[in-house]
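Undergrad: Structure supplied as start.cif; contents: mmCIF, C-alpha atoms and all ligand atoms.
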```cif
data_entry
#
loop_
_atom_site.label_atom_id
_atom_site.label_comp_id
_atom_site.auth_asym_id
_atom_site.auth_seq_id
_atom_site.Cartn_x
_atom_site.Cartn_y
_atom_site.Cartn_z
CA MET A 1 0.00 0.00 0.00
CA LYS A 2 1.28 3.47 -0.91
CA PHE A 3 0.97 5.98 1.90
CA LYS A 4 0.39 9.68 1.24
CA LYS A 5 3.21 12.05 2.19
CA ALA A 6 2.52 15.38 3.90
CA LEU A 7 4.94 18.20 4.62
CA ILE A 8 3.98 20.55 7.45
CA THR A 9 5.65 23.93 8.03
CA GLY A 10 5.09 25.24 11.57
CA ILE A 11 4.92 21.68 12.92
CA THR A 12 6.26 22.83 16.32
CA GLY A 13 3.32 25.25 16.73
CA GLN A 14 -0.18 24.68 18.12
CA ASP A 15 -1.86 23.70 14.84
CA GLY A 16 1.17 21.85 13.45
CA SER A 17 1.20 19.48 16.40
CA TYR A 18 -2.53 18.64 16.14
CA LEU A 19 -2.32 18.30 12.36
CA ALA A 20 0.64 15.91 12.62
CA GLU A 21 -1.34 13.70 15.05
CA PHE A 22 -4.39 13.82 12.79
CA LEU A 23 -2.49 12.89 9.59
CA LEU A 24 -0.54 10.10 11.28
CA LYS A 25 -3.86 8.58 12.41
CA LYS A 26 -4.92 8.76 8.75
CA LYS A 27 -1.80 6.72 7.88
CA TYR A 28 0.10 9.56 6.24
CA ILE A 29 3.90 9.73 6.33
CA VAL A 30 4.44 13.10 7.98
CA HIS A 31 7.46 15.34 7.41
CA GLY A 32 7.79 18.51 9.45
CA ILE A 33 10.01 21.56 9.07
CA LYS A 34 11.41 22.93 12.30
CA ARG A 35 13.62 25.97 12.45
CA LYS A 36 16.91 26.29 14.25
CA SER A 37 16.47 27.78 17.70
CA SER A 38 18.90 28.22 20.58
CA SER A 39 16.65 26.27 22.96
CA PHE A 40 14.31 23.30 22.46
CA ASN A 41 11.21 24.18 20.44
CA THR A 42 9.65 20.73 20.03
CA SER A 43 7.72 20.32 23.30
CA ARG A 44 4.37 20.12 21.46
CA ILE A 45 5.53 17.22 19.26
CA ASP A 46 7.99 15.31 21.47
CA HIS A 47 5.27 12.78 22.34
CA ILE A 48 4.85 12.00 18.62
CA TYR A 49 8.59 11.74 18.03
CA ASP A 50 8.96 9.38 21.00
CA ASN A 51 6.01 7.19 19.95
CA LYS A 52 7.51 3.93 18.63
CA SER A 53 4.48 3.19 16.45
CA TYR A 54 5.35 6.29 14.40
CA LYS A 55 8.87 5.09 13.63
CA ASN A 56 9.53 5.55 9.87
CA LYS A 57 6.32 7.57 9.65
CA PHE A 58 7.31 10.86 11.26
CA TYR A 59 10.35 12.91 10.21
CA LEU A 60 11.66 16.30 11.28
CA HIS A 61 13.94 18.42 9.08
CA TYR A 62 15.65 21.71 9.68
CA GLY A 63 14.36 24.43 7.39
CA ASP A 64 13.10 27.98 7.40
CA LEU A 65 10.52 29.83 5.34
CA LEU A 66 13.16 32.54 4.85
CA ASP A 67 15.64 30.08 3.33
CA PRO A 68 14.28 29.14 -0.13
CA ASN A 69 17.14 26.69 -0.72
CA SER A 70 16.11 24.61 2.29
CA LEU A 71 12.51 24.52 1.03
CA THR A 72 13.37 23.54 -2.55
CA ASP A 73 15.79 20.84 -1.36
CA LEU A 74 13.22 19.33 1.01
CA ILE A 75 10.33 19.44 -1.45
CA ASN A 76 12.51 17.92 -4.16
CA LYS A 77 13.62 15.14 -1.82
CA ILE A 78 10.25 14.36 -0.22
CA LYS A 79 7.96 15.05 -3.21
CA PRO A 80 4.99 15.50 -0.87
CA ASP A 81 1.41 14.91 -1.93
CA GLU A 82 0.25 17.71 0.37
CA ILE A 83 1.98 20.73 1.90
CA TYR A 84 0.39 22.55 4.84
CA ASN A 85 1.91 26.00 5.29
CA LEU A 86 1.22 26.73 8.96
CA ALA A 87 4.49 28.50 9.76
CA ALA A 88 4.21 32.19 10.55
CA GLN A 89 5.08 35.00 12.91
CA SER A 90 1.53 34.58 14.13
CA HIS A 91 1.19 37.20 16.89
CA VAL A 92 -0.79 40.26 15.82
CA GLY A 93 0.48 42.48 18.66
CA VAL A 94 4.11 41.52 18.04
CA SER A 95 3.73 42.25 14.30
CA PHE A 96 3.56 45.99 15.12
CA GLN A 97 7.02 45.71 16.64
CA LEU A 98 8.40 43.37 13.95
CA PRO A 99 6.60 44.55 10.79
CA ASN A 100 9.44 43.82 8.38
CA TYR A 101 10.26 40.39 9.80
CA THR A 102 6.55 39.45 9.97
CA THR A 103 6.15 40.40 6.31
CA GLN A 104 9.20 38.44 5.24
CA VAL A 105 8.13 35.25 7.00
CA ASN A 106 4.39 35.39 6.31
CA SER A 107 4.40 36.88 2.79
CA LEU A 108 7.71 35.98 1.18
CA GLY A 109 7.87 32.69 3.08
CA THR A 110 4.60 31.62 1.45
CA LEU A 111 5.87 32.70 -1.97
CA ASN A 112 9.11 30.77 -1.39
CA LEU A 113 7.14 27.59 -0.70
CA LEU A 114 4.80 27.97 -3.66
CA HIS A 115 7.68 28.74 -5.98
CA ALA A 116 9.58 25.71 -4.70
CA ILE A 117 6.65 23.51 -5.83
CA TYR A 118 6.88 25.16 -9.27
CA ASP A 119 10.70 24.90 -9.42
CA CYS A 120 10.55 21.20 -8.56
CA GLY A 121 8.01 20.61 -11.35
CA LEU A 122 5.44 19.31 -8.86
CA GLU A 123 2.54 21.59 -9.92
CA SER A 124 0.28 18.67 -10.81
CA LYS A 125 1.32 16.45 -7.86
CA THR A 126 1.60 18.57 -4.73
CA LYS A 127 -1.46 20.18 -3.14
CA PHE A 128 -0.89 23.32 -1.05
CA TYR A 129 -2.80 24.57 2.00
CA GLN A 130 -2.32 28.17 3.15
CA ALA A 131 -3.15 29.15 6.74
CA SER A 132 -5.17 32.28 6.04
CA THR A 133 -6.92 34.14 8.79
CA SER A 134 -10.00 36.02 9.95
CA GLU A 135 -7.62 38.92 10.73
CA LEU A 136 -7.89 39.69 6.98
CA TYR A 137 -11.37 41.10 7.73
CA GLY A 138 -9.95 43.54 10.33
CA GLU A 139 -12.31 46.52 10.17
CA ILE A 140 -15.29 44.40 9.28
CA GLN A 141 -17.25 45.22 6.12
CA GLU A 142 -20.10 42.79 6.85
CA SER A 143 -21.66 41.76 10.16
CA ARG A 144 -20.72 38.07 9.63
CA GLN A 145 -17.64 37.43 7.55
CA SER A 146 -17.70 34.90 4.72
CA GLU A 147 -15.49 34.12 1.68
CA LYS A 148 -17.31 36.97 -0.12
CA THR A 149 -16.67 39.68 2.51
CA SER A 150 -14.12 42.37 1.54
CA PHE A 151 -10.85 42.39 3.45
CA TYR A 152 -9.62 45.36 5.52
CA PRO A 153 -6.42 44.26 7.30
CA LYS A 154 -5.43 46.37 10.32
CA SER A 155 -1.96 45.13 11.29
CA PRO A 156 1.36 44.20 9.67
CA TYR A 157 0.38 40.58 10.47
CA ALA A 158 -2.95 40.81 8.64
CA THR A 159 -1.42 42.71 5.71
CA SER A 160 1.33 40.10 5.35
CA LYS A 161 -1.33 37.36 5.35
CA LEU A 162 -3.25 39.25 2.65
CA PHE A 163 -0.26 38.87 0.32
CA ALA A 164 -0.05 35.17 1.21
CA TYR A 165 -3.76 34.72 0.51
CA TRP A 166 -3.47 36.30 -2.95
CA ILE A 167 -0.19 34.66 -3.98
CA THR A 168 -1.81 31.31 -3.17
CA LYS A 169 -4.66 32.18 -5.55
CA ASN A 170 -2.17 33.49 -8.16
CA TYR A 171 -0.21 30.21 -8.20
CA ARG A 172 -3.50 28.29 -8.41
CA GLU A 173 -4.61 30.30 -11.45
CA SER A 174 -1.21 30.72 -13.16
CA TYR A 175 0.34 27.28 -12.71
CA LYS A 176 -2.73 25.16 -11.96
CA ILE A 177 -1.36 24.16 -8.55
CA PHE A 178 -4.06 22.74 -6.23
CA ALA A 179 -3.57 25.64 -3.80
CA SER A 180 -6.29 26.52 -1.27
CA ASN A 181 -6.82 29.02 1.54
CA GLY A 182 -8.41 28.07 4.85
CA ILE A 183 -9.63 31.36 6.36
CA LEU A 184 -9.68 30.21 9.97
CA PHE A 185 -11.16 32.21 12.82
CA ASN A 186 -9.41 32.08 16.22
CA HIS A 187 -8.82 28.59 17.56
CA GLU A 188 -7.35 27.71 20.90
CA SER A 189 -6.33 24.70 23.01
CA PRO A 190 -4.08 23.74 25.92
CA ARG A 191 -1.24 23.93 23.35
CA ARG A 192 -1.95 27.58 22.48
CA GLY A 193 1.04 29.92 22.82
CA GLU A 194 1.04 31.56 26.27
CA THR A 195 0.93 35.13 24.93
CA PHE A 196 -2.40 34.69 23.11
CA VAL A 197 -5.27 35.92 25.23
CA THR A 198 -7.17 32.69 26.07
CA ARG A 199 -4.04 30.81 27.17
CA LYS A 200 -2.71 33.90 28.94
CA ILE A 201 -5.95 33.91 30.95
CA THR A 202 -6.02 30.17 31.81
CA MET A 203 -2.29 30.15 32.67
CA GLY A 204 -2.54 33.45 34.57
CA ILE A 205 -5.46 32.25 36.71
CA SER A 206 -3.69 28.93 37.39
CA LYS A 207 -0.56 30.71 38.59
CA ILE A 208 -2.59 32.94 40.94
CA ILE A 209 -4.44 29.90 42.31
CA TYR A 210 -1.11 28.21 43.15
CA GLY A 211 0.37 31.37 44.69
CA LEU A 212 2.94 31.87 41.90
CA ASP A 213 1.48 35.24 40.83
CA LYS A 214 -0.88 37.87 42.24
CA CYS A 215 -2.66 39.63 39.41
CA LEU A 216 -3.31 39.17 35.68
CA TYR A 217 -2.90 42.21 33.38
CA LEU A 218 -4.96 42.35 30.18
CA GLY A 219 -5.62 44.82 27.33
CA ASN A 220 -8.87 45.28 25.39
CA ILE A 221 -11.28 43.01 27.28
CA TYR A 222 -14.24 44.19 25.17
CA SER A 223 -12.77 42.68 22.02
CA LEU A 224 -15.12 40.07 20.46
CA ARG A 225 -13.89 36.83 18.92
CA ASP A 226 -15.23 33.62 17.39
CA TRP A 227 -13.21 30.97 19.27
CA GLY A 228 -13.02 27.32 18.25
CA HIS A 229 -10.78 24.36 19.18
CA ALA A 230 -7.53 23.82 17.23
CA ARG A 231 -8.08 20.03 17.18
CA ASP A 232 -11.37 20.48 15.28
CA TYR A 233 -9.89 23.07 12.92
CA VAL A 234 -6.90 21.00 11.70
CA GLU A 235 -9.33 18.38 10.45
CA MET A 236 -10.80 21.14 8.29
CA CYS A 237 -7.34 22.04 6.91
CA TRP A 238 -7.16 18.46 5.69
CA LYS A 239 -10.72 18.52 4.33
CA VAL A 240 -9.94 21.70 2.37
CA LEU A 241 -7.28 19.74 0.46
CA GLN A 242 -9.55 16.70 -0.06
CA TYR A 243 -12.25 18.83 -1.77
CA LYS A 244 -12.70 18.13 -5.47
CA LYS A 245 -11.05 21.43 -6.52
CA PRO A 246 -8.83 24.10 -4.99
CA ASP A 247 -10.91 26.76 -3.27
CA ASP A 248 -11.09 29.10 -0.25
CA PHE A 249 -13.10 28.31 2.87
CA VAL A 250 -14.05 30.15 6.07
CA ILE A 251 -13.89 27.95 9.18
CA ALA A 252 -15.60 29.40 12.24
CA THR A 253 -17.98 28.41 15.05
CA GLU A 254 -20.35 31.31 14.16
CA LYS A 255 -20.55 32.19 17.89
CA GLN A 256 -18.97 35.26 19.43
CA TYR A 257 -17.85 36.18 22.95
CA SER A 258 -15.80 38.97 24.54
CA VAL A 259 -12.45 38.51 26.26
CA LYS A 260 -14.21 39.63 29.48
CA TYR A 261 -16.80 36.87 29.06
CA PHE A 262 -13.98 34.33 28.61
CA VAL A 263 -12.45 35.52 31.92
CA ASP A 264 -15.84 35.37 33.69
CA GLU A 265 -16.53 31.86 32.44
CA CYS A 266 -13.10 30.60 33.61
CA PHE A 267 -13.85 31.81 37.15
CA LYS A 268 -17.39 30.42 36.96
CA TYR A 269 -15.97 27.01 36.01
CA LEU A 270 -13.66 27.18 39.06
CA ARG A 271 -16.54 28.31 41.32
CA ILE A 272 -14.71 31.49 42.27
CA LYS A 273 -16.95 34.57 42.40
CA ILE A 274 -15.43 37.80 41.08
CA LYS A 275 -16.83 41.31 40.64
CA TRP A 276 -15.78 44.04 38.18
CA TYR A 277 -15.34 47.71 39.12
CA GLY A 278 -14.32 50.92 37.30
CA ASN A 279 -13.85 51.43 33.60
CA GLY A 280 -11.24 52.02 30.90
CA LEU A 281 -7.68 51.57 32.10
CA LYS A 282 -9.02 51.73 35.69
CA GLU A 283 -11.27 48.70 35.33
CA TYR A 284 -10.38 45.78 37.60
CA ALA A 285 -11.87 42.59 39.08
CA LYS A 286 -11.85 41.53 42.74
CA ILE A 287 -12.41 38.13 44.32
CA VAL A 288 -15.73 38.06 46.19
CA SER A 289 -16.04 34.48 47.43
CA PHE A 290 -14.41 31.07 47.01
CA ASP A 291 -13.74 27.79 48.78
CA TYR A 292 -10.88 28.53 51.26
CA LYS A 293 -9.90 24.88 51.56
CA LYS A 294 -9.65 24.39 47.80
CA TYR A 295 -7.83 27.64 47.10
CA PRO A 296 -5.55 28.40 50.09
CA PHE A 297 -3.51 31.04 48.23
CA LEU A 298 -6.50 33.27 47.38
CA LYS A 299 -7.70 36.12 49.56
CA LYS A 300 -11.09 37.80 49.71
CA ASN A 301 -11.09 41.24 47.97
CA MET A 302 -7.81 40.42 46.25
CA ILE A 303 -7.57 42.33 42.93
CA ILE A 304 -7.10 39.55 40.44
CA ILE A 305 -7.43 41.32 37.04
CA ARG A 306 -6.19 44.78 36.01
CA ILE A 307 -6.03 46.54 32.67
CA SER A 308 -2.71 47.63 31.21
CA ARG A 309 -2.12 49.98 28.29
CA LYS A 310 0.80 47.72 27.32
CA TYR A 311 -1.53 45.05 25.89
CA PHE A 312 -3.51 47.33 23.56
CA ARG A 313 -2.51 47.38 19.91
CA PRO A 314 -1.98 50.57 17.86
CA ASN A 315 -4.94 49.47 15.72
CA GLU A 316 -7.50 47.16 17.31
CA VAL A 317 -9.63 44.50 15.61
CA ASN A 318 -12.66 44.73 17.87
CA ASN A 319 -15.18 42.40 16.35
CA LEU A 320 -14.93 39.14 14.39
CA ILE A 321 -17.55 36.46 13.76
CA GLY A 322 -17.57 34.05 10.86
CA ASN A 323 -20.17 32.82 8.41
CA ALA A 324 -19.04 29.27 7.63
CA SER A 325 -22.05 28.24 5.48
CA LYS A 326 -19.86 27.28 2.51
CA ALA A 327 -17.69 24.90 4.56
CA LYS A 328 -20.78 23.53 6.32
CA LYS A 329 -22.36 22.69 2.99
CA LEU A 330 -19.40 21.57 0.88
CA LEU A 331 -17.00 20.15 3.50
CA LYS A 332 -19.69 18.98 5.95
CA TRP A 333 -18.15 21.22 8.63
CA LYS A 334 -19.64 21.17 12.09
CA PRO A 335 -17.77 22.62 15.08
CA LYS A 336 -17.44 19.93 17.77
CA THR A 337 -16.23 21.93 20.78
CA ASN A 338 -18.11 24.86 22.32
CA ILE A 339 -16.53 27.61 24.40
CA TYR A 340 -17.44 25.98 27.72
CA GLN A 341 -15.78 22.67 26.76
CA LEU A 342 -12.77 24.64 25.51
CA ILE A 343 -12.50 26.55 28.80
CA LYS A 344 -12.80 23.33 30.82
CA GLU A 345 -10.06 21.62 28.80
CA MET A 346 -7.71 24.61 28.95
CA MET A 347 -8.30 25.37 32.66
CA ASP A 348 -7.89 21.71 33.69
CA ALA A 349 -4.66 21.38 31.69
CA ASP A 350 -3.13 24.60 33.03
CA LEU A 351 -4.10 23.88 36.64
CA GLU A 352 -2.43 20.48 36.36
CA TYR A 353 0.64 21.94 34.63
CA THR A 354 0.98 24.66 37.30
CA ARG A 355 0.42 22.21 40.16
CA LYS A 356 3.29 20.10 38.85
CA SER A 357 5.60 23.10 38.35
CA GLN A 358 4.74 24.35 41.85
CA ILE A 359 5.85 21.02 43.32
CA LYS A 360 9.07 21.25 41.30
CA TYR A 361 9.54 24.87 42.42
CA LYS A 362 9.16 23.92 46.10
CA LEU A 363 11.69 21.08 45.74
P1 LIG B 401 1.96 29.16 16.31
O1 LIG B 401 1.64 28.27 17.47
O2 LIG B 401 2.50 30.53 16.57
O3 LIG B 401 3.02 28.36 15.39
C1 LIG B 401 3.76 29.00 14.39
C2 LIG B 401 4.77 28.01 13.83
O4 LIG B 401 5.54 28.66 12.80
C3 LIG B 401 5.81 27.51 14.87
O5 LIG B 401 6.06 26.16 14.59
C4 LIG B 401 7.04 28.34 14.54
O6 LIG B 401 8.25 27.75 14.93
C5 LIG B 401 6.92 28.39 13.03
N1 LIG B 401 7.73 29.44 12.38
C6 LIG B 401 7.76 30.76 12.67
N2 LIG B 401 8.62 31.39 11.85
C7 LIG B 401 9.13 30.45 11.03
C8 LIG B 401 10.08 30.49 9.96
N3 LIG B 401 10.69 31.61 9.60
N4 LIG B 401 10.36 29.32 9.32
C9 LIG B 401 9.78 28.16 9.69
N5 LIG B 401 8.91 28.06 10.72
C10 LIG B 401 8.58 29.21 11.35
O7 LIG B 401 0.70 29.34 15.35
P2 LIG B 401 -0.67 28.49 15.29
O8 LIG B 401 -1.64 29.06 16.24
O9 LIG B 401 -0.34 27.06 15.31
O10 LIG B 401 -1.19 28.91 13.83
C11 LIG B 401 -0.78 28.18 12.68
C12 LIG B 401 -0.97 29.06 11.45
O11 LIG B 401 -2.34 29.42 11.32
C13 LIG B 401 -0.20 30.38 11.47
O12 LIG B 401 0.20 30.64 10.14
C14 LIG B 401 -1.21 31.40 11.91
O13 LIG B 401 -0.88 32.68 11.41
C15 LIG B 401 -2.48 30.85 11.26
N6 LIG B 401 -3.74 31.11 11.95
C16 LIG B 401 -3.87 30.81 13.27
C17 LIG B 401 -5.09 31.02 13.89
C18 LIG B 401 -5.29 30.70 15.36
O14 LIG B 401 -6.27 31.17 15.93
N7 LIG B 401 -4.43 29.88 15.96
C19 LIG B 401 -6.17 31.52 13.15
C20 LIG B 401 -5.98 31.78 11.80
C21 LIG B 401 -4.79 31.56 11.19
P3 LIG B 401 8.82 27.89 16.45
O15 LIG B 401 8.09 26.84 17.25
O16 LIG B 401 10.26 27.63 16.28
O17 LIG B 401 8.48 29.27 16.92
N1 LIG B 402 -2.63 38.63 23.26
C1 LIG B 402 -3.40 39.37 24.04
N2 LIG B 402 -2.96 39.67 25.32
N3 LIG B 402 -4.58 39.81 23.58
C2 LIG B 402 -5.35 40.54 24.42
C3 LIG B 402 -4.97 40.86 25.72
C4 LIG B 402 -3.70 40.42 26.19
O1 LIG B 402 -3.29 40.66 27.32
N4 LIG B 402 -5.97 41.57 26.31
C5 LIG B 402 -6.93 41.69 25.40
N5 LIG B 402 -6.56 41.09 24.24
C6 LIG B 402 -7.36 41.06 22.99
C7 LIG B 402 -6.57 41.44 21.74
O2 LIG B 402 -6.45 42.86 21.63
C8 LIG B 402 -7.46 40.83 20.66
O3 LIG B 402 -8.49 41.73 20.35
C9 LIG B 402 -8.06 39.59 21.35
O4 LIG B 402 -7.79 39.73 22.76
C10 LIG B 402 -7.45 38.27 20.88
O5 LIG B 402 -6.04 38.40 20.93
P1 LIG B 402 -5.07 37.17 20.62
O6 LIG B 402 -5.44 36.03 21.47
O7 LIG B 402 -3.67 37.70 20.68
O8 LIG B 402 -5.48 36.76 19.15
P2 LIG B 402 -5.71 37.61 17.82
O9 LIG B 402 -7.19 37.58 17.54
O10 LIG B 402 -5.06 38.93 17.86
O11 LIG B 402 -4.93 36.73 16.73
C11 LIG B 402 -5.05 35.30 16.73
O12 LIG B 402 -6.14 34.92 15.91
C12 LIG B 402 -6.00 35.24 14.53
C13 LIG B 402 -7.27 34.78 13.82
O13 LIG B 402 -8.23 35.79 13.89
C14 LIG B 402 -3.71 34.71 16.22
O14 LIG B 402 -3.73 33.33 16.41
C15 LIG B 402 -3.50 35.01 14.74
O15 LIG B 402 -2.35 34.28 14.29
C16 LIG B 402 -4.75 34.55 13.98
O16 LIG B 402 -4.60 34.83 12.60
#
```
Would you mind writing the structure in this file as structure tokens?
TA:
Amino acid sequence: MKFKKALITGITGQDGSYLAEFLLKKKYIVHGIKRKSSSFNTSRIDHIYDNKSYKNKFYLHYGDLLDPNSLTDLINKIKPDEIYNLAAQSHVGVSFQLPNYTTQVNSLGTLNLLHAIYDCGLESKTKFYQASTSELYGEIQESRQSEKTSFYPKSPYATSKLFAYWITKNYRESYKIFASNGILFNHESPRRGETFVTRKITMGISKIIYGLDKCLYLGNIYSLRDWGHARDYVEMCWKVLQYKKPDDFVIATEKQYSVKYFVDECFKYLRIKIKWYGNGLKEYAKIVSFDYKKYPFLKKNMIIIRISRKYFRPNEVNNLIGNASKAKKLLKWKPKTNIYQLIKEMMDADLEYTRKSQIKYKL
């Protein structure tokens, strides 16, 4: 039996790790590109690498989206059936501080990959998935954003992803490469990077509960997002490439909540009562009541959340909610995880992680 070969860029990231697991279960041979870093960057995929049943099925290679030679060499050697381009400087806030670098990685990096397929003469063999984003909608032009909604990017990150979106379409039309965009709305998990807001909240609360921190500082808590689970969304990346023709698809839960609601629901799940006071930069939340035996490090009236100017962006995307009708109809998309299940999974994982690190810290 001939197994399909997939190449994943960004395999060490949140989505890369879930996608690798998903494709291995589907009997793919999975190759991943990891970049050189001065410390270990494989914690999200070590369990796959160490799994004996994936011997000869899972390979890691050094490479970088900014090094076209590395990409051409790998693609030529592997001759993948599918490439998933998940690698990116993916933090919107950071992109304001690293606009040039973000553009190089996200825009030129995508072009480098697409051109490597062309250079290797694999236009009719290798399918290409581009990790496009709801950030493209930025200043929204329609109340629910679909594949037909106009884009209005509001950050260097979003603008760099706009180039990547269009170059993917250009290579589809010019060279007949099966190249598709998944326009994914926010998706989270216990493997989410710790500087993205949901994980920052679940980690921050866990640290306070174990006495390792006192207060969590946030930015725009009135921002509205459509949050799904990364595990569900990587299945859709795969489905986008299994569709009968290359195309672009919005993947979203079609439900929207504020950052403040996410915070409130985390505390509700933990049965800790909090109350909000003030407004603007002076808004804060205090602990009202909790189980003293369960949470010995908490104190009544302790200020647990504050707002900091530091976490606001120069240009805010305040409101995103997807219209995923096309994916629902053509790809049979149905979100599996709601926000309450997501919060439970993330809170449980971070409480356990923090409990273990607290024990280590005490030793
Ligand atoms: P993530 O956790 O930040 O992972 C990004 C990955 O890209 C990491 O593996 C990182 O490597 C790698 N990378 C960064 N620069 C690179 C370079 N120059 N060359 C090669 N690899 C590089 O992101 P994610 O949340 O998994 O998201 C995956 C993709 O989907 C990204 O393109 C993101 O922009 C897009 N997206 C994400 C969401 C979301 O809500 N998560 C929504 C829409 C679109 P290191 O581990 O070494 O840093
Ligand atoms: N990161 C962060 N930290 N965001 C905060 C904070 C904070 O302390 N306080 C409030 N926010 C707000 C941000 O201003 C934003 O409006 C919202 O919370 C979500 O921020 P992030 O979790 O950083 O995600 P994002 O929406 O900016 O970008 C993510 O989703 C995009 C898809 O729409 C990233 O994963 C992008 O790569 C992805 O394309």
Undergrad: Counting only C-alpha atoms and all ligand atoms, what are the residues, protein, DNA or RNA alike, that approach ligand LIG 402 (chain B) to within 6 Å? I want them as a PDB file with C-alpha atoms, in the coordinates of the input.
TA:
```
ATOM      1  CA  SER A  90       1.530  34.580  14.130  1.00  0.00           C
ATOM      2  CA  HIS A  91       1.190  37.200  16.890  1.00  0.00           C
ATOM      3  CA  VAL A  92      -0.790  40.260  15.820  1.00  0.00           C
ATOM      4  CA  THR A 133      -6.920  34.140   8.790  1.00  0.00           C
ATOM      5  CA  SER A 134     -10.000  36.020   9.950  1.00  0.00           C
ATOM      6  CA  GLU A 135      -7.620  38.920  10.730  1.00  0.00           C
ATOM      7  CA  PHE A 185     -11.160  32.210  12.820  1.00  0.00           C
ATOM      8  CA  ASN A 186      -9.410  32.080  16.220  1.00  0.00           C
ATOM      9  CA  THR A 195       0.930  35.130  24.930  1.00  0.00           C
ATOM     10  CA  PHE A 196      -2.400  34.690  23.110  1.00  0.00           C
ATOM     11  CA  VAL A 197      -5.270  35.920  25.230  1.00  0.00           C
ATOM     12  CA  THR A 198      -7.170  32.690  26.070  1.00  0.00           C
ATOM     13  CA  LEU A 218      -4.960  42.350  30.180  1.00  0.00           C
ATOM     14  CA  GLY A 219      -5.620  44.820  27.330  1.00  0.00           C
ATOM     15  CA  ASN A 220      -8.870  45.280  25.390  1.00  0.00           C
ATOM     16  CA  ILE A 221     -11.280  43.010  27.280  1.00  0.00           C
ATOM     17  CA  SER A 223     -12.770  42.680  22.020  1.00  0.00           C
ATOM     18  CA  VAL A 259     -12.450  38.510  26.260  1.00  0.00           C
ATOM     19  CA  TYR A 311      -1.530  45.050  25.890  1.00  0.00           C
ATOM     20  CA  PHE A 312      -3.510  47.330  23.560  1.00  0.00           C
ATOM     21  CA  VAL A 317      -9.630  44.500  15.610  1.00  0.00           C
ATOM     22  CA  ASN A 318     -12.660  44.730  17.870  1.00  0.00           C
TER      23      ASN A 318
END
```
Undergrad: Using all atoms listed in the file for the distances, tell me which of A:Gln89, A:Ser155, A:Ser174, A:Thr253 is nearest to His115 (chain A).
TA: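 Ranked by minimum distance to His115 (chain A), first place goes to A:Ser174.
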Undergrad: To one decimal in Å, tell me the separation between CA of Ile321 (chain A) and atom N6 of ligand LIG 401 (chain B).
TA: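 Separating CA of Ile321 (chain A) from atom N6 of ligand LIG 401 (chain B) is a distance of 14.9 Å.
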Undergrad: What residues of the protein or nucleic acid chains come within 6 Å of ligand LIG 401 (chain B) when you use all atoms listed in the file? Reply as a list of chain:residue names.
TA: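 My answer, listing the contacting residues, is A:Thr9, A:Gly10, A:Ile11, A:Thr12, A:Gly13, A:Gln14, A:Asp15, A:Gly16, A:Lys34, A:Arg35, A:Asn41, A:Asp64, A:Leu65, A:Leu66, A:Leu86, A:Ala87, A:Ala88, A:Gln89, A:Ser90, A:Val105, A:Ala131, A:Ser132, A:Thr133, A:Leu184, A:Phe185, A:Asn186, A:His187, A:Gly193.
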Undergrad: In Å, rounded to a single decimal, give me how far CA of Arg355 (chain A) is from CA of Cys266 (chain A).
TA: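 Computing the Euclidean distance for CA of Cys266 (chain A) and CA of Arg355 (chain A) yields 17.2 Å.
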Undergrad: What's around Tyr62 (chain A) at 10 Å? Count all atoms listed in the file, leave out sequence neighbours fewer than 5 positions away in its own chain, and write the answer as a ChimeraX atom specification.
TA: /A:32-36,70-71,74
Undergrad: Please provide the set of residues having any atom within 10 Å of Met347 (chain A), restricted to all atoms listed in the file, with same-chain residues fewer than 6 positions apart removed, written as a PyMOL selection string.
TA: chain A and resi 189-190+198-199+201-203+205-206+266-267+269-270+341+353
Undergrad: Please list as a list in words every residue within 12 Å of Gln256 (chain A), counting only C-alpha atoms and excluding residues in the same chain fewer than 5 positions away.
TA: Ser143, Arg144, Phe185, Asn186, Tyr222, Ser223, Leu224, Arg225, Asp226, Trp227, Gly228, Tyr261, Phe262, Asn318, Asn319, Leu320, Ile321, Gly322, Asn323, Asn338 and Ile339 of chain A
Undergrad: Can you pull out the residues contacting Pro68 (chain A)? Cut-off 12 Å, using all atoms listed in the file, and skip same-chain residues under 6 positions away; I want them as a ChimeraX atom specification.
TA: /A:74-75,104-105,108-117,119
Undergrad: Tell me, as a list in words, which residues lie within 9 Å of region 282-293 of chain A, counting all atoms listed in the file; anything in the same chain fewer than 3 positions away does not count.
TA: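 In the requested form, the answer reads Leu270, Arg271, Ile272, Lys273, Ile274, Lys275, Trp276, Tyr277, Gly278, Asn279, Pro296, Phe297, Leu298, Lys299, Lys300, Asn301, Met302, Ile303, Ile304, Ile305, Arg306, Ile307 and Ser308 of chain A.
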